[in-house]
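One structure is given here, and the rest of the page talks about it.
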Amino acid sequence: MELARNWRLKQQRYRLEGAQCAHCRQRFFPPRPVCPECGGRDMRPYTFKGRGKLYSYSTVYQAPQGFESYAPYVVGLVGLEEGPLVTAQVCDVDPSELRVGMPLEMVTRKLFEQGGDGLIVYGYKFRPPLRAGGGNGHREVEELPQTVPQAAPHKAVTVR
Ligand SMILES: [Zn+2]
């Protein structure tokens, strides 16, 4: 049943809730019942802060059926500050601006709408952090020059 499934996954999707091993202190996302590091079974809920760095990414042009209207979109592997790697859509950024190692923060966004019943599923995505004061060598959020063709196709890039 899709509704039950969505409800069950809500905590993970909204809050990046994972687990921390009480024995070796390793943190995992998604949560695991048994620690892969030390075999410990005392796993406690741990909510990740949602900050990390872009580890690798690729641009998806051929979206799966039902997701065509979302393409092209960027799927990134994000290395969380606390350690684990999370796969998520990267939003609010032009694909040409993406750099491996750039800082990202989690935001809650609409993930997709399921046809028919109009169910809208929200969840986490990652974006470059917004900065009020600038500095730190990070690009200010600004309007793109009109000369930049925003719909221009970008080459699919996969960085390992
Ligand atoms: Zn452990």
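Residue numbering restarts at 1 in every chain; chains get A, B, ... in the order shown in the structure tokens, and ligands count up from 1 in that same order.
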
Skipping near chain neighbours, those fewer than 5 positions away, what residues fall within 9 Å of Val34 (chain A) using only C-alpha atoms, listed as an MDAnalysis selection string? chainID A and resid 21 39:43

With C-alpha atoms retained, write the just-selected residues as a PDB file, in the first residue's frame.
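Heads up, here's the output in result.pdb:
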```
ATOM      1  CA  CYS A  21      25.993   2.592  16.814  1.00  0.00           C
ATOM      2  CA  GLY A  39      28.339  -6.003  14.498  1.00  0.00           C
ATOM      3  CA  GLY A  40      26.762  -4.138  17.412  1.00  0.00           C
ATOM      4  CA  ARG A  41      23.001  -4.340  17.767  1.00  0.00           C
ATOM      5  CA  ASP A  42      22.476  -1.282  19.949  1.00  0.00           C
ATOM      6  CA  MET A  43      21.585   1.181  17.196  1.00  0.00           C
TER       7      MET A  43
END
```

Name the residues, by chain letter and number, that sit within 7 Å of ligand 1 using only C-alpha atoms and all ligand atoms, and give them as an MDAnalysis selection string. chainID A and resid 21:26 35:40

Output C-alpha atoms of each residue in that selection to a file, as a JSON list (two decimals), in the first residue's frame.
```json
[["chain", "number", "residue", "atom", "x", "y", "z"],
["A", 21, "CYS", "CA", 25.99, 2.59, 16.81],
["A", 22, "ALA", "CA", 26.15, 2.89, 20.61],
["A", 23, "HIS", "CA", 29.28, 0.75, 20.64],
["A", 24, "CYS", "CA", 31.62, 2.18, 17.96],
["A", 25, "ARG", "CA", 29.78, 5.52, 17.43],
["A", 26, "GLN", "CA", 29.65, 5.08, 13.64],
["A", 35, "CYS", "CA", 26.20, -2.11, 12.81],
["A", 36, "PRO", "CA", 28.17, -3.05, 9.67],
["A", 37, "GLU", "CA", 31.37, -1.85, 11.37],
["A", 38, "CYS", "CA", 31.41, -3.77, 14.62],
["A", 39, "GLY", "CA", 28.34, -6.00, 14.50],
["A", 40, "GLY", "CA", 26.76, -4.14, 17.41]]
```

I'd like the contact shell of region 125-128 of chain A - 6 Å cut-off, only C-alpha atoms, skipping same-chain residues fewer than 6 positions apart - returned as a ChimeraX atom specification. /A:88-92,104-107

Write out, as a short mmCIF file (atom, residue, chain, number, x, y, z; two decimals), in the first residue's frame, the residues just selected, with C-alpha atoms.
```
data_model
loop_
_atom_site.label_atom_id
_atom_site.label_comp_id
_atom_site.auth_asym_id
_atom_site.auth_seq_id
_atom_site.Cartn_x
_atom_site.Cartn_y
_atom_site.Cartn_z
CA ALA A 88 19.80 12.80 -3.58
CA GLN A 89 18.68 15.23 -6.21
CA VAL A 90 20.70 18.44 -6.31
CA CYS A 91 18.49 21.49 -6.87
CA ASP A 92 18.69 25.26 -7.16
CA LEU A 104 25.66 21.48 0.03
CA GLU A 105 22.80 21.70 2.49
CA MET A 106 19.60 19.72 2.75
CA VAL A 107 16.26 21.26 1.86
#
```

Suppose you want the space between CA of Thr47 (chain A) and CA of Gly101 (chain A); what is it in Å?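 Pair CA of Thr47 (chain A) / CA of Gly101 (chain A) returns 22.5 Å.
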
Do you have the CA of Val93 (chain A)-CA of Pro30 (chain A) distance handy?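 Those two atoms sit 25.4 Å apart.
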
Separating CA of Leu111 (chain A) from CA of Thr59 (chain A), to the nearest tenth of an Å, is a gap of 16.4 Å

Taking only region 11-133 of chain A into account, list the residues labelled alpha helix (DSSP H) by DSSP (computed from the backbone), as an MDAnalysis selection string. chainID A and resid 11:15

Go ahead and dump the residues you just picked, N, CA and C atoms, as a CSV table (one decimal), in the first residue's frame.
```csv
chain,number,residue,atom,x,y,z
A,11,GLN,N,9.9,9.9,7.9
A,11,GLN,CA,10.9,10.4,8.8
A,11,GLN,C,12.3,10.5,8.1
A,12,GLN,N,12.6,9.4,7.3
A,12,GLN,CA,13.8,9.4,6.6
A,12,GLN,C,13.9,10.5,5.6
A,13,ARG,N,12.8,10.7,4.9
A,13,ARG,CA,12.8,11.7,3.8
A,13,ARG,C,12.8,13.1,4.3
A,14,TYR,N,12.2,13.4,5.4
A,14,TYR,CA,12.1,14.7,5.8
A,14,TYR,C,13.3,15.2,6.6
A,15,ARG,N,13.8,14.3,7.4
A,15,ARG,CA,14.7,14.7,8.4
A,15,ARG,C,16.1,14.0,8.4
```

A:Tyr70, A:Tyr57, A:Gly83, A:Tyr122: which is nearest Glu97 (chain A), counting only C-alpha atoms?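 Closest residue, counting only C-alpha atoms: A:Tyr57.
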
Would you list, as a VMD selection string, the residues of region 31-108 of chain A that end up in strand (DSSP E) under DSSP run on this structure's backbone? chain A and resid 43 to 47 51 to 60 73 to 80 85 to 90 103 to 108

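Of the residues under consideration (A:Leu16, A:Met102, A:Val74, A:Val60), A:Leu16 shows the shortest atom-to-atom contact distance to Phe28 (chain A) when counting only C-alpha atoms.
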
Closest to Tyr61 (chain A) among A:Gly79, A:Thr87, A:Arg44, A:Pro95, using only C-alpha atoms?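 Answer, going by the shortest atom-to-atom distance: A:Pro95.
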